[in-house]
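Novice: So that you have it, the file is input22.tsv, and it contains TSV, C-alpha atoms:
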```tsv
chain	number	residue	atom	x	y	z
Q	29	MET	CA	-7.84	66.24	172.12
Q	30	MET	CA	-10.98	64.58	171.02
Q	31	GLU	CA	-12.06	65.66	167.59
Q	32	GLN	CA	-15.70	65.80	166.87
Q	33	GLN	CA	-16.72	65.30	163.29
Q	34	PRO	CA	-20.15	65.86	161.84
Q	35	THR	CA	-21.81	62.66	160.79
Q	36	SER	CA	-22.75	62.07	157.18
Q	37	PRO	CA	-26.41	63.13	157.61
Q	38	ASP	CA	-25.18	66.51	158.79
Q	39	VAL	CA	-23.11	67.28	155.73
Q	40	THR	CA	-24.39	67.30	152.20
Q	41	LEU	CA	-21.16	68.21	150.41
Q	42	LEU	CA	-18.49	65.57	150.07
Q	43	ASP	CA	-15.72	68.13	149.78
Q	44	TYR	CA	-17.09	70.13	152.62
Q	45	GLN	CA	-14.29	71.56	154.74
Q	46	TYR	CA	-14.80	72.18	158.37
Q	47	ALA	CA	-12.81	72.84	161.46
Q	48	PRO	CA	-12.93	70.12	164.10
Q	49	ALA	CA	-14.92	71.13	167.12
Q	50	ARG	CA	-13.05	71.68	170.30
Q	51	SER	CA	-13.51	69.31	173.14
Q	52	ALA	CA	-15.02	70.38	176.41
Q	53	MET	CA	-11.58	70.30	177.96
Q	54	GLY	CA	-8.34	71.48	176.53
Q	55	GLU	CA	-7.90	74.36	174.19
Q	56	ALA	CA	-11.12	76.18	174.96
Q	57	GLU	CA	-10.47	76.37	178.67
Q	58	VAL	CA	-6.78	77.08	178.25
Q	59	GLU	CA	-7.40	80.03	176.03
Q	60	ALA	CA	-10.26	81.31	178.14
Q	61	PHE	CA	-8.20	81.46	181.32
Q	62	PRO	CA	-4.56	81.67	180.26
Q	63	HIS	CA	-3.52	83.85	183.17
Q	64	VAL	CA	-4.66	81.42	185.85
Q	65	LEU	CA	-3.01	78.30	184.54
Q	66	PRO	CA	0.49	77.22	185.42
Q	67	GLY	CA	3.08	78.10	182.88
Q	68	TRP	CA	4.16	74.50	182.52
Q	69	ILE	CA	0.96	73.76	180.60
Q	70	GLU	CA	1.96	74.05	177.02
Q	71	ARG	CA	-0.45	75.35	174.53
Q	72	LYS	CA	-0.04	73.93	171.14
Q	73	GLN	CA	0.21	76.37	168.36
Q	74	SER	CA	-2.55	74.88	166.31
Q	75	PRO	CA	-2.66	75.79	162.66
Q	76	VAL	CA	-5.11	78.49	161.82
Q	77	HIS	CA	-8.26	76.87	160.61
Q	78	ILE	CA	-10.37	78.73	158.15
Q	79	PRO	CA	-13.57	76.84	158.50
Q	80	TYR	CA	-16.12	76.38	155.81
Q	81	ARG	CA	-14.01	77.80	153.07
Q	82	ASN	CA	-16.08	76.17	150.38
Q	83	ARG	CA	-17.38	79.01	148.25
Q	84	TRP	CA	-20.73	77.40	147.85
Q	85	ARG	CA	-22.01	77.26	151.37
Q	86	PRO	CA	-25.48	75.87	151.57
Q	87	ILE	CA	-24.97	75.38	155.27
Q	88	GLU	CA	-24.66	77.99	157.97
Q	89	SER	CA	-22.23	76.78	160.59
Q	90	ASP	CA	-20.75	77.60	163.93
Q	91	SER	CA	-17.70	75.67	165.07
Q	92	SER	CA	-17.08	77.74	168.17
Q	93	SER	CA	-19.11	75.41	170.32
Q	94	VAL	CA	-18.33	71.84	171.34
Q	95	GLU	CA	-21.47	70.98	169.45
Q	96	PRO	CA	-21.08	72.46	166.01
Q	97	ARG	CA	-24.25	73.83	164.52
Q	98	PHE	CA	-25.12	73.07	160.95
Q	99	GLU	CA	-28.23	74.59	159.49
Q	100	LEU	CA	-29.48	75.11	156.00
Q	101	ARG	CA	-28.97	78.63	154.83
Q	102	THR	CA	-32.10	80.67	154.45
Q	103	ASP	CA	-30.70	82.61	151.51
Q	104	THR	CA	-32.47	81.93	148.25
Q	105	SER	CA	-29.44	82.16	146.05
Q	106	VAL	CA	-26.24	80.28	145.44
Q	107	VAL	CA	-24.54	83.31	144.01
Q	108	GLU	CA	-20.81	83.20	144.64
Q	109	ASP	CA	-20.08	84.02	148.24
Q	110	THR	CA	-18.91	87.59	148.76
Q	111	GLU	CA	-17.97	89.95	151.46
Q	112	GLU	CA	-20.89	91.13	153.47
Q	113	ILE	CA	-22.63	93.93	151.58
Q	114	SER	CA	-24.62	96.21	153.82
Q	115	ASP	CA	-28.14	97.36	153.10
Q	116	GLU	CA	-26.88	100.94	153.00
Q	117	GLN	CA	-24.37	100.07	150.30
Q	118	ILE	CA	-27.06	98.44	148.21
Q	119	MET	CA	-29.49	101.31	148.68
Q	120	ALA	CA	-26.84	103.84	147.74
Q	121	ALA	CA	-26.04	101.91	144.57
Q	122	MET	CA	-29.70	101.59	143.65
Q	123	VAL	CA	-30.20	105.36	143.75
Q	124	SER	CA	-27.69	105.91	140.99
Q	125	HIS	CA	-28.88	103.22	138.60
Q	126	GLU	CA	-31.85	102.58	136.38
Q	127	LEU	CA	-33.63	99.68	138.00
Q	128	VAL	CA	-36.08	98.76	135.25
Q	129	VAL	CA	-34.75	96.40	132.62
Q	130	ARG	CA	-36.43	96.01	129.24
Q	131	MET	CA	-35.71	92.51	128.08
Q	132	PRO	CA	-36.18	91.16	124.56
Q	133	PRO	CA	-38.46	88.15	124.05
Q	134	VAL	CA	-37.23	84.69	123.21
Q	135	SER	CA	-38.41	85.21	119.64
Q	136	GLN	CA	-41.00	87.15	117.67
Q	137	PHE	CA	-42.57	87.15	114.23
Q	138	THR	CA	-45.55	88.62	112.40
Q	139	VAL	CA	-48.74	86.82	111.47
Q	140	GLN	CA	-51.88	87.73	109.65
Q	141	LEU	CA	-55.00	87.44	111.73
Q	142	GLU	CA	-58.41	86.82	110.32
Q	143	ILE	CA	-60.78	88.42	112.79
Q	144	ARG	CA	-63.87	86.29	113.08
Q	145	SER	CA	-65.60	88.26	115.76
Q	146	VAL	CA	-65.09	91.05	118.23
Q	147	ARG	CA	-67.20	91.09	121.35
Q	148	ASN	CA	-67.16	92.50	124.82
Q	149	ALA	CA	-66.32	90.16	127.64
Q	150	VAL	CA	-69.21	88.78	129.68
Q	151	PRO	CA	-68.62	88.61	133.43
Q	152	ASN	CA	-68.64	85.21	135.02
Q	153	PRO	CA	-69.02	85.93	138.72
Q	154	LEU	CA	-68.26	83.10	141.08
Q	155	SER	CA	-70.31	82.45	144.16
Q	156	PRO	CA	-68.45	83.48	147.29
Q	157	GLU	CA	-66.94	80.53	149.06
Q	158	VAL	CA	-68.75	79.52	152.19
Q	159	ILE	CA	-66.67	80.27	155.25
Q	160	PRO	CA	-67.52	77.83	158.06
O	9	MET	CA	-30.03	66.21	160.38
O	10	THR	CA	-30.11	67.73	156.93
O	11	VAL	CA	-33.53	67.99	155.33
O	12	GLU	CA	-33.81	68.51	151.59
O	13	TYR	CA	-36.06	71.19	150.21
O	14	PRO	CA	-35.64	71.03	146.45
O	15	TRP	CA	-36.60	74.07	144.45
O	16	TYR	CA	-37.91	72.25	141.41
O	17	GLN	CA	-39.41	69.09	140.07
O	18	VAL	CA	-40.24	67.85	136.57
O	19	LEU	CA	-43.80	66.95	135.63
O	20	ASP	CA	-45.47	65.12	132.82
O	21	GLY	CA	-47.16	67.33	130.24
O	22	HIS	CA	-50.57	65.99	131.21
O	23	ALA	CA	-50.27	67.10	134.82
O	24	ASN	CA	-52.60	69.89	135.86
O	25	LEU	CA	-51.24	73.39	135.58
O	26	GLU	CA	-50.31	75.06	138.84
O	27	GLN	CA	-48.82	78.29	140.06
O	28	GLY	CA	-45.08	78.08	139.61
O	29	ASP	CA	-45.17	75.99	136.42
O	30	PHE	CA	-42.75	77.10	133.75
O	31	VAL	CA	-43.86	77.35	130.14
O	32	ARG	CA	-41.25	77.75	127.41
O	33	GLU	CA	-41.89	80.06	124.50
O	34	CYS	CA	-45.41	81.01	125.46
O	35	PRO	CA	-46.89	83.00	122.55
O	36	ILE	CA	-48.30	86.44	123.24
O	37	ILE	CA	-50.22	87.89	120.33
O	38	VAL	CA	-50.00	91.65	119.97
O	39	PRO	CA	-52.21	93.24	117.32
O	40	ARG	CA	-50.85	96.27	115.61
O	41	ARG	CA	-54.10	98.18	115.63
O	42	GLU	CA	-57.64	98.00	116.75
O	43	LEU	CA	-59.40	94.88	115.59
O	44	GLU	CA	-62.60	94.99	113.61
O	45	PRO	CA	-64.90	92.13	112.67
O	46	GLU	CA	-64.05	90.26	109.45
O	47	ALA	CA	-60.80	92.15	109.02
O	48	ARG	CA	-57.39	90.75	108.19
O	49	VAL	CA	-54.73	92.42	110.26
O	50	ALA	CA	-51.10	91.88	110.93
O	51	ALA	CA	-50.08	91.00	114.48
O	52	HIS	CA	-46.87	90.25	116.26
O	53	VAL	CA	-46.43	86.95	118.02
O	54	ILE	CA	-43.92	87.33	120.80
O	55	ASN	CA	-42.64	84.27	122.60
O	56	TYR	CA	-41.63	84.51	126.23
O	57	ASN	CA	-40.43	81.94	128.69
O	58	VAL	CA	-42.93	82.41	131.48
O	59	VAL	CA	-43.94	81.22	134.91
O	60	ILE	CA	-47.58	80.84	135.87
O	61	MET	CA	-48.66	83.27	138.59
O	62	SER	CA	-52.36	82.48	138.90
O	63	GLN	CA	-53.28	80.63	142.06
O	64	SER	CA	-53.28	76.84	141.81
O	65	CYS	CA	-56.72	76.51	143.38
O	66	ASP	CA	-58.20	78.81	140.75
O	67	LEU	CA	-56.54	76.80	138.00
O	68	GLU	CA	-57.65	73.47	139.40
O	69	GLN	CA	-61.23	74.62	139.73
O	70	LYS	CA	-61.09	76.32	136.35
O	71	LYS	CA	-62.32	79.61	137.76
O	72	LEU	CA	-60.55	81.62	135.12
O	73	ASP	CA	-60.22	81.89	131.36
O	74	LEU	CA	-57.06	83.93	131.34
O	75	VAL	CA	-53.99	82.75	133.25
O	76	LEU	CA	-51.58	85.34	134.57
O	77	VAL	CA	-47.99	84.69	133.56
O	78	CYS	CA	-44.77	86.65	133.99
O	79	PRO	CA	-41.64	86.45	131.83
O	80	ILE	CA	-38.53	84.89	133.26
O	81	TYR	CA	-34.95	85.52	132.13
O	82	PRO	CA	-31.53	84.13	132.93
O	83	LEU	CA	-29.74	86.38	135.41
O	84	ASP	CA	-26.71	86.63	133.15
O	85	GLU	CA	-28.82	87.83	130.26
O	86	PHE	CA	-30.71	90.17	132.57
O	87	GLY	CA	-27.48	91.63	133.84
O	88	SER	CA	-26.14	92.10	130.34
O	89	LYS	CA	-28.93	94.63	129.78
O	90	ASN	CA	-28.34	96.53	133.01
O	91	ALA	CA	-24.97	97.17	134.60
O	92	PHE	CA	-26.42	97.40	138.10
O	93	TYR	CA	-27.86	93.89	138.01
O	94	GLN	CA	-24.59	92.65	136.60
O	95	SER	CA	-22.81	93.91	139.72
O	96	LYS	CA	-22.62	92.08	143.02
O	97	LYS	CA	-24.67	94.79	144.71
O	98	GLY	CA	-27.35	94.47	142.07
O	99	LYS	CA	-27.48	90.69	142.38
O	100	GLU	CA	-27.57	91.01	146.14
O	101	ALA	CA	-30.39	93.54	145.85
O	102	LEU	CA	-32.34	90.99	143.82
O	103	ARG	CA	-31.60	88.24	146.28
O	104	ARG	CA	-32.72	90.33	149.26
O	105	GLY	CA	-35.91	91.41	147.52
O	106	TYR	CA	-34.98	95.09	147.28
O	107	SER	CA	-36.09	95.29	143.66
O	108	PRO	CA	-39.83	94.70	144.04
O	109	ALA	CA	-40.39	94.42	140.30
O	110	TYR	CA	-38.19	91.33	140.09
O	111	CYS	CA	-37.77	88.06	141.91
O	112	LEU	CA	-34.64	85.91	141.83
O	113	LEU	CA	-35.04	82.16	141.47
O	114	ASN	CA	-32.41	79.54	142.19
O	115	GLU	CA	-30.49	77.41	139.73
O	116	CYS	CA	-31.85	74.13	138.49
O	117	ASP	CA	-29.63	71.08	137.98
O	118	ILE	CA	-32.26	68.55	136.94
O	119	ASP	CA	-31.14	66.65	133.86
O	120	GLY	CA	-32.61	68.17	130.74
O	121	PHE	CA	-33.82	71.25	132.60
O	122	GLU	CA	-30.54	72.76	133.71
O	123	ARG	CA	-30.45	76.49	134.06
O	124	GLY	CA	-28.74	79.15	136.09
O	125	LEU	CA	-30.16	81.80	138.34
O	126	SER	CA	-33.27	83.39	136.84
O	127	VAL	CA	-35.21	86.60	137.26
O	128	VAL	CA	-39.01	86.83	137.12
O	129	ASP	CA	-40.29	90.13	135.73
O	130	PHE	CA	-43.44	91.36	137.49
O	131	LEU	CA	-43.58	94.57	135.45
O	132	ASN	CA	-44.81	92.71	132.40
O	133	VAL	CA	-47.75	90.52	133.22
O	134	TYR	CA	-49.73	88.75	130.53
O	135	GLY	CA	-53.07	87.02	130.46
O	136	VAL	CA	-52.88	83.89	128.39
O	137	SER	CA	-55.79	81.74	127.37
O	138	PHE	CA	-56.16	78.83	129.79
O	139	ASP	CA	-57.04	76.51	126.92
O	140	LEU	CA	-53.91	77.55	125.06
O	141	LEU	CA	-51.72	76.83	128.07
O	142	ILE	CA	-53.28	73.41	128.58
O	143	ASP	CA	-52.66	72.60	124.94
O	144	LEU	CA	-49.08	73.84	125.10
O	145	ALA	CA	-48.43	71.75	128.22
O	146	LYS	CA	-49.77	68.58	126.62
O	147	THR	CA	-48.00	68.95	123.30
O	148	ARG	CA	-44.66	69.96	124.75
O	149	GLY	CA	-44.39	67.18	127.28
O	150	ALA	CA	-42.42	67.38	130.50
O	151	ARG	CA	-42.13	70.75	132.18
O	152	LEU	CA	-40.48	72.25	135.23
O	153	ARG	CA	-42.36	73.29	138.36
O	154	LEU	CA	-41.32	75.56	141.21
O	155	LEU	CA	-41.98	73.79	144.50
O	156	PRO	CA	-43.24	75.05	147.85
O	157	PRO	CA	-42.28	77.13	149.78
O	158	TYR	CA	-40.32	78.85	147.00
O	159	ARG	CA	-43.50	79.03	144.95
O	160	GLU	CA	-45.29	80.86	147.77
O	161	HIS	CA	-42.23	83.09	148.15
O	162	LEU	CA	-42.60	84.06	144.48
O	163	SER	CA	-46.33	84.60	144.89
O	164	GLN	CA	-45.77	86.78	147.93
O	165	ALA	CA	-43.20	88.86	146.06
O	166	PHE	CA	-45.67	89.27	143.21
O	167	ALA	CA	-48.35	90.47	145.62
O	168	ARG	CA	-45.89	92.79	147.32
O	169	PHE	CA	-45.06	94.40	143.99
O	170	PHE	CA	-48.68	95.26	143.31
O	171	MET	CA	-49.55	96.37	146.82
O	172	ARG	CA	-46.61	98.71	147.32
O	173	VAL	CA	-47.47	102.29	148.11
O	174	GLY	CA	-45.27	105.32	147.78
O	175	LEU	CA	-46.21	107.84	150.44
O	176	PRO	CA	-45.99	111.45	149.24
O	177	VAL	CA	-45.21	112.67	152.74
O	178	ASP	CA	-43.63	110.02	154.84
O	179	ILE	CA	-43.10	110.04	158.59
O	180	PRO	CA	-39.57	111.28	159.31
O	181	ALA	CA	-37.12	108.62	160.37
O	182	PHE	CA	-36.24	108.41	164.02
O	183	ALA	CA	-32.75	109.76	164.71
```
Have the structure of the file written as structure tokens, please.
Specialist:
Amino acid sequence: MMEQQPTSPDVTLLDYQYAPARSAMGEAEVEAFPHVLPGWIERKQSPVHIPYRNRWRPIESDSSSVEPRFELRTDTSVVEDTEEISDEQIMAAMVSHELVVRMPPVSQFTVQLEIRSVRNAVPNPLSPEVIP
Amino acid sequence: MTVEYPWYQVLDGHANLEQGDFVRECPIIVPRRELEPEARVAAHVINYNVVIMSQSCDLEQKKLDLVLVCPIYPLDEFGSKNAFYQSKKGKEALRRGYSPAYCLLNECDIDGFERGLSVVDFLNVYGVSFDLLIDLAKTRGARLRLLPPYREHLSQAFARFFMRVGLPVDIPAFA
């Protein structure tokens, strides 16, 4: 069975684990039509591959095709990968929690100000930009 | 083919200020009472790590005197103040944009500017003197900048926070 491996430009992680793509012939067809094939065709018990087990997965992948797809994830976070959390679960949790967080500053201290003047602001209107 | 879209870059302190620039320990002066001419009053100076929210074109053309900035906090510290945002559901809510008052930013691994996931706080917006920010940028040297399209993503989230509307009588959901 021909193993297809992603080339180096396709993978950005050196320790990236992936399952080899299946060839056009062989396992895919055997498993798709097991009942029509002669019994003398042996099917290898291939070890169970758990593709893309790397916890940090910047790449969305699909190894089910003969041409594996590798695309950058659109998520904006590299938070540790978790089970899929549904929107309903999140919404339910948000109802029962205070969602506003009052954070302390980096630092603070007191100064004495000498007020030199107090005045009202003067508007500085800008000319509208010309739209061609 | 993999294309890189880095979140951040480091700039020299003399580079022009833009939306998405991070300023460490930006001082916000808070007077204790009303100010009168020729008075001496006590005031608090509160330092926040902030990100510039004013539009880059306005900054470049110097159309403003006050620059809008929002505080930014490490996610871990943010979560330590609120159990929900310490949980996976809370972090996921931030990541999916379900908490309109906050925006989650990615980690940074640039040497000298390393930091973990961060949360921008839209609830507390400050106007800081443009001249002060320029001076801070020059004297403090290199600074971090949020790059496109993540910068526009932050800007859009900021706009979404201020344009949200709570309908008193909403249309019933379809069954």
Novice: Dump as CSV the rows for residues of chain O within 6 Å of chain Q: closest atom pair and distance in Å with one decimal, all atoms listed in the file counted, ordered by chain and rising residue number.
Specialist:
```
residue,atom,partner,partner_atom,distance
O:Met9,CA,Q:Asp38,CA,5.1
O:Thr10,CA,Q:Asp38,CA,5.4
O:Pro45,CA,Q:Ser145,CA,5.0
O:Glu46,CA,Q:Ile143,CA,5.0
O:Ala47,CA,Q:Ile143,CA,5.3
O:Arg48,CA,Q:Glu142,CA,4.6
O:Val49,CA,Q:Leu141,CA,5.2
O:Ala50,CA,Q:Gln140,CA,4.4
O:Ala51,CA,Q:Val139,CA,5.3
O:His52,CA,Q:Thr138,CA,4.4
O:Val53,CA,Q:Phe137,CA,5.4
O:Ile54,CA,Q:Gln136,CA,4.3
O:Asn55,CA,Q:Ser135,CA,5.2
O:Tyr56,CA,Q:Pro133,CA,5.3
O:Lys97,CA,Q:Ile118,CA,5.6
O:Asn114,CA,Q:Ser105,CA,5.5
```
Novice: Neighbours of O:Val133 within 7 Å (only C-alpha atoms; same-chain residues fewer than 4 positions away dropped), as number ranges by chain?
Specialist: O: 76-78
Novice: Output C-alpha atoms of each residue in that selection to a file, as a compact mmCIF listing (two decimals), keeping the file's coordinate frame.
Specialist:
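Printed below is out.txt as written:
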```
# COMPACT_ATOMS: atom_id res chain seq x y z
CA LEU O 76 -51.58 85.34 134.57
CA VAL O 77 -47.99 84.69 133.56
CA CYS O 78 -44.77 86.65 133.99
```
Novice: For atom CA of O:Ala183 and atom CA of O:Ser107, determine how far apart the two atoms are, in Å to one decimal place.
Specialist: 25.8 Å
Novice: If you measure from atom CA of O:Glu33 to atom CA of O:Asn57, what distance in Å do you get, rounded to one decimal?
Specialist: 4.8 Å
Novice: Enter the distance from atom CA of O:Met61 to atom CA of O:Tyr134, in Å, rounded to one decimal.
Specialist: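 Answer for the atom CA of O:Met61 to atom CA of O:Tyr134 separation: 9.8 Å.
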Novice: Residues proximal to (-46.7, 97.0, 137.2) were defined as those with any atom within 10 Å of that point in the file's coordinates, counting only C-alpha atoms. Which are they, as JSON, numbers by chain?
Specialist: {"O": [108, 109, 129, 130, 131, 132, 133, 166, 169, 170]}
Novice: Contacts of O:Leu83 at 8 Å or less, counting all atoms listed in the file, minus same-chain residues fewer than 4 places along, as a list of chain:residue names?
Specialist: O:Gly87, O:Gly124, O:Leu125, O:Ser126, O:Val127
Novice: Once 8 Å is added on each side, what centre and edge lengths in Å to one decimal does the axis-aligned box around all listed atoms of stretch 144-153 of chain Q have, as JSON?
Specialist:
```
{"center_x": -66.5, "center_y": 88.9, "center_z": 125.9, "size_x": 21.3, "size_y": 23.3, "size_z": 41.6}
```
Novice: Leaving out O:Phe30 and any residue of its chain fewer than 3 positions from it, which residues lie within 7 Å of it when counting all atoms listed in the file, given as a PyMOL selection string?
Specialist: chain O and resi 58-60+151-153
Novice: Could you write out the selected residues, including C-alpha atoms, as a PDB file, keeping the file's coordinate frame?
Specialist:
```pdb
ATOM      1  CA  VAL O  58     -42.930  82.410 131.480  1.00  0.00           C
ATOM      2  CA  VAL O  59     -43.940  81.220 134.910  1.00  0.00           C
ATOM      3  CA  ILE O  60     -47.580  80.840 135.870  1.00  0.00           C
ATOM      4  CA  ARG O 151     -42.130  70.750 132.180  1.00  0.00           C
ATOM      5  CA  LEU O 152     -40.480  72.250 135.230  1.00  0.00           C
ATOM      6  CA  ARG O 153     -42.360  73.290 138.360  1.00  0.00           C
TER       7      ARG O 153
END
```
